[in-house]
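So the structure is just underneath, and the comments pick up after that.
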Amino acid sequence: MQTAVMEKQNNGASRAVTALRRIVTALALTGWLAVALLGGRSLSPITVIVFGLCCMMYLILPGWALADWLAPRQKGLTALFAAVYGCALLAGLHCISVRLGAVWLLRTVPPLLAAVWLYGRHRSGTLDVSAAAKGALRILDSDTGLFWALLCLLYAMRFGAVNPYPANAGAVHLDPDMLWNVGNAAALSSHFPAEDIRFSGVLLSYHYLTELLAAALGLVSGVQLYDIYVFLAGPLFLAGELVALKALARAYFGKDNPRAGRLMILLLFGFSCLSIWKVIPNGLSLFGNTLLQHLVTNINAQATALVFLCAFTVSFIRLSRSRFAPNGKELLMLFVSFFLLCVAKGPEAAIVVCAFGVTMLLVLVFQKPHYLTAFACLAGIAAVFAVTYFVLFASGSGSVQFTIYAMRNYWAYRVLSPYTEWLCAHLPISGYVWLFLIGVADVFLMLPLQFLLWLSDVPHDLRRLFRLDPARIMANGVVVGGFLGYHLFYHSSSSQVYFALVAMIYMTLLAVEPLQRLLQSRHKILRLGVCFVGAAALCTTLFMVGCYTVKGARCLAATAGLCEGDATQDYWTAGDAEAMEWLQAHSDKEQLFATNRTSHTPDSVDAISNGYSAMSGCPAYLEGWTYAMTNMGVELETIYAKMDVNAELFSGCSEERAAELAAQNGIRWLVLAKRWQGEGPQGMSAVFENADVAIYEFNS
């Protein structure tokens with residue numbers, strides 16, 4: 001009787017937990033959708049459904065078809081391989097279609113491929129739509145589905161809520177990197193290779209896979225790129241992250257350790273730096289750990305890169321643990337995933353290829369693999385990186401500086417470096433040693449829990465280095481190389497942070513097994529110390545999430561008209577949006593516009609202003625030039641020449657002189673931002689004007 005009562009109570013509690021999980025999941029997804037509908041440029045429930053169907057028909061199902069045909073078969077990995085091949089197909093077809101001017105290829109080939117695959121599965125009797133639908137619902141109705149829904153809501157609050165379309169918000173500060181990404185997608189929608197949409201005459205050299213995918217989905221769905229990037233892409237890439245991380249854990253730890261995947265995801269998203277309450281009010285780490293916001297927002301493609309990073313690592317694990325036995329499908333996945341990683345996030349691919357190269361040399365010398373396959377892996381990955389490096393981002397590498405003082409702006413250096421002179425004077429140790437130790441302290445402050453767990457295994461790994469699992473060698477190499485790169489290289493646009501981010505991902509992977517051992521350890525003092533550090537890192541994450549939520553809620557209230565927004569000089573207004581919609585309707589993708597809004601604020605000269613090109617999709621003669629210089633290697637002489645032309649156009653010169661300059665430089669439109677310094681040509685009438693913007697047109 002007592003047992004029956006207890007079982008009844010347990011069943012009741014289980015049903016209550018299930019009901020609560022379903023309610024929270026539904027509320028989180030409803031919150032994401034509400035933010036999208038409130039802040040989107042032209043979103044409706046129908047638009048959201050259309051976009052979801054296009055993702056299924058153009059990305060997911062074609063990817064699954066190619067994975068079924070081309071990828072190695074392994075339970076738990078198919079979804080990851082489908083994501084890789086789906087992205088490769090969509091991005092490749094987009095480039096070909098835009099280049100040939102045959103967008104019909106992009107719009108027809110993926111659905112046809114999916115239809116052929118589905119028909120083949122139906123003929124073979126292996127197509128079970130009902131079982132697939134039930135499986136998807138089962139995942140949604142699980143802890144993984146709940147976590148995904150909460151991440152979608154966090155994405156909405158951290159990214160969508162604070163970047164509403166200006167026409168909806170009235171006046172709003174927009175993330176300049178977001179505008180840069182949307183502008184890149186607009187450029188890639190009409191041309192391949194594309195020019196920098198903000199700086200005419202310069203080829204867009206950048207790791208732009210995320211923008212390629214957004215551009216392709218925009219063409220096939222008809223949804224505005226602004227809406228895709230800011231509101232709709234989140235659930236897609238967040239699902240991709242979780243699929244990739246689970247597949248990586250399964251491949252690395254084995255199917256007999258299912259808890260490892262959950263622990264890795266918990267560590268990656270839940271445990272940040274030691275800033276604790278100091279992240280208030282903006283949610284920024286004192287120590288430069290921006291991993292959470294990059295994973296949640298996909299700003300500058302970190303989330304996209306994570307999918308291909310995991311796929312590459314999974315393929316390498318499988319090949320290396322088979323001692324590089326010849327396997328064409330594994331090799332194909334290795335090369336395709338690494339190529340996509342290069343196109344998605346070049347700096348991270350650079351760290352990975354260095355670690356991979358060192359690992360393969362150790363394997364070739366000490367572990368007696370199948371030499372032909374192992375050498376093919378090494379040569380093939382090196383060739384892929386070399387090609388993508390010289391084609392996509394070599395032009396921006398000149399702005400990366402090697403210096404032992406690259407960390408001079410980091411908190412640890414500012415606080416600890418004053419003590420190094422005293423230490424050098426009183427201890428017979430080189431100052432470089434103290435500089436190295438400051439770097440180690442900085443890593444600990446950035447990711448304390450994972451650092452301690454990883455460090456506990458380093459002596460063991462070093463003792464067994466020549467016999468160590470190659471995947472473990474490579475992971476350690478990425479950790480060491482990534483943090484070295486972060487502390488030894490400086491980029492004016494802070495791109496060295498991606499060296500640290502990829503190191504954090506692999507450090508988290510290597511921290512899982514030490515954490516599992518620690519949880520089973522009877523050493524109470526050790527457990528207490530590590531738990532104390534972990535609690536501080538967890539508190540930091542909670543404070544970050546709180547900051548994101550509070551800021552997002554304030555922005556949502558302003559967008560909904562419940563309170564006044566704080567309109568400052570760097571805000572984009574409804575007038576800006578209205579003017580750009582007019583320009584988009586009356587211009588084409590070949591006509592240049594010039595603008596006097598070339599910096600973040602009227603008083604600054606940072607040369608970062610990406611909004612007009614992003615909102616209109618039209619190319620600018622000179623909207624901003626900082627990223628053209630740092631990412632594309634544009635010479636100062638070219639920049640100064642354009643600045644001179646731009647300054648004269650907005651100097652109040654005569655209509656005849658403005659027309660002459662416009663004809664010489666291929667400019668069709670002038671966009672005058674009234675809050676910025678400058679004025680339109682004398683005697684020339686605006687073809688569009690509101691309180692914030694005036695647009696002038698030159699006859700072709």
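Just so we're on the same page: first chain in the structure tokens is A, next is B, and so on; residues restart at 1 for each chain, and ligands are numbered from 1 in the order they show up.
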
Practice problem: Find the residues around Val440 (chain A) up to 9 Å (only C-alpha atoms counted), leave out those fewer than 5 positions away in its own chain, and share them as a ChimeraX atom specification. | Solution: /A:435,445,483

Exercise. Just list the residues in region 428-643 of chain A DSSP gives helix (DSSP H, G or I) on the backbone, as a PyMOL selection string.
Key: chain A and resi 431-446+448-463+465-467+470-488+497-520+524-559+574-586+611-616+626-632+636-643

Exercise. Return the single residue from A:Leu33, A:Val512, A:Leu90, A:Met157 that is closest to Pro45 (chain A), with distances computed using only C-alpha atoms.
Key: A:Leu33

Practice problem: For region 385-390 of chain A, work out the shell of residues within 12 Å, counting only C-alpha atoms and skipping chain neighbours fewer than 5 positions away, then give it as a PyMOL selection string. | Solution: chain A and resi 205-209+335-354+356-357+378-380+395-397+632

Quiz prompt | Nearest-residue call for Val223 (chain A), choices A:Val314, A:Ile639, A:Ala325, A:Cys54, using only C-alpha atoms | solution =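 Counting only C-alpha atoms, the residue closest to Val223 (chain A) is A:Cys54.
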
Practice problem: Can you pull out every residue within 9 Å of Asn476 (chain A), counting only C-alpha atoms, but drop anything in the same chain fewer than 3 positions away, and send it as a VMD selection string? | Solution: chain A and resid 355 458 461 471 to 473 479 to 481 503 506 to 507 510
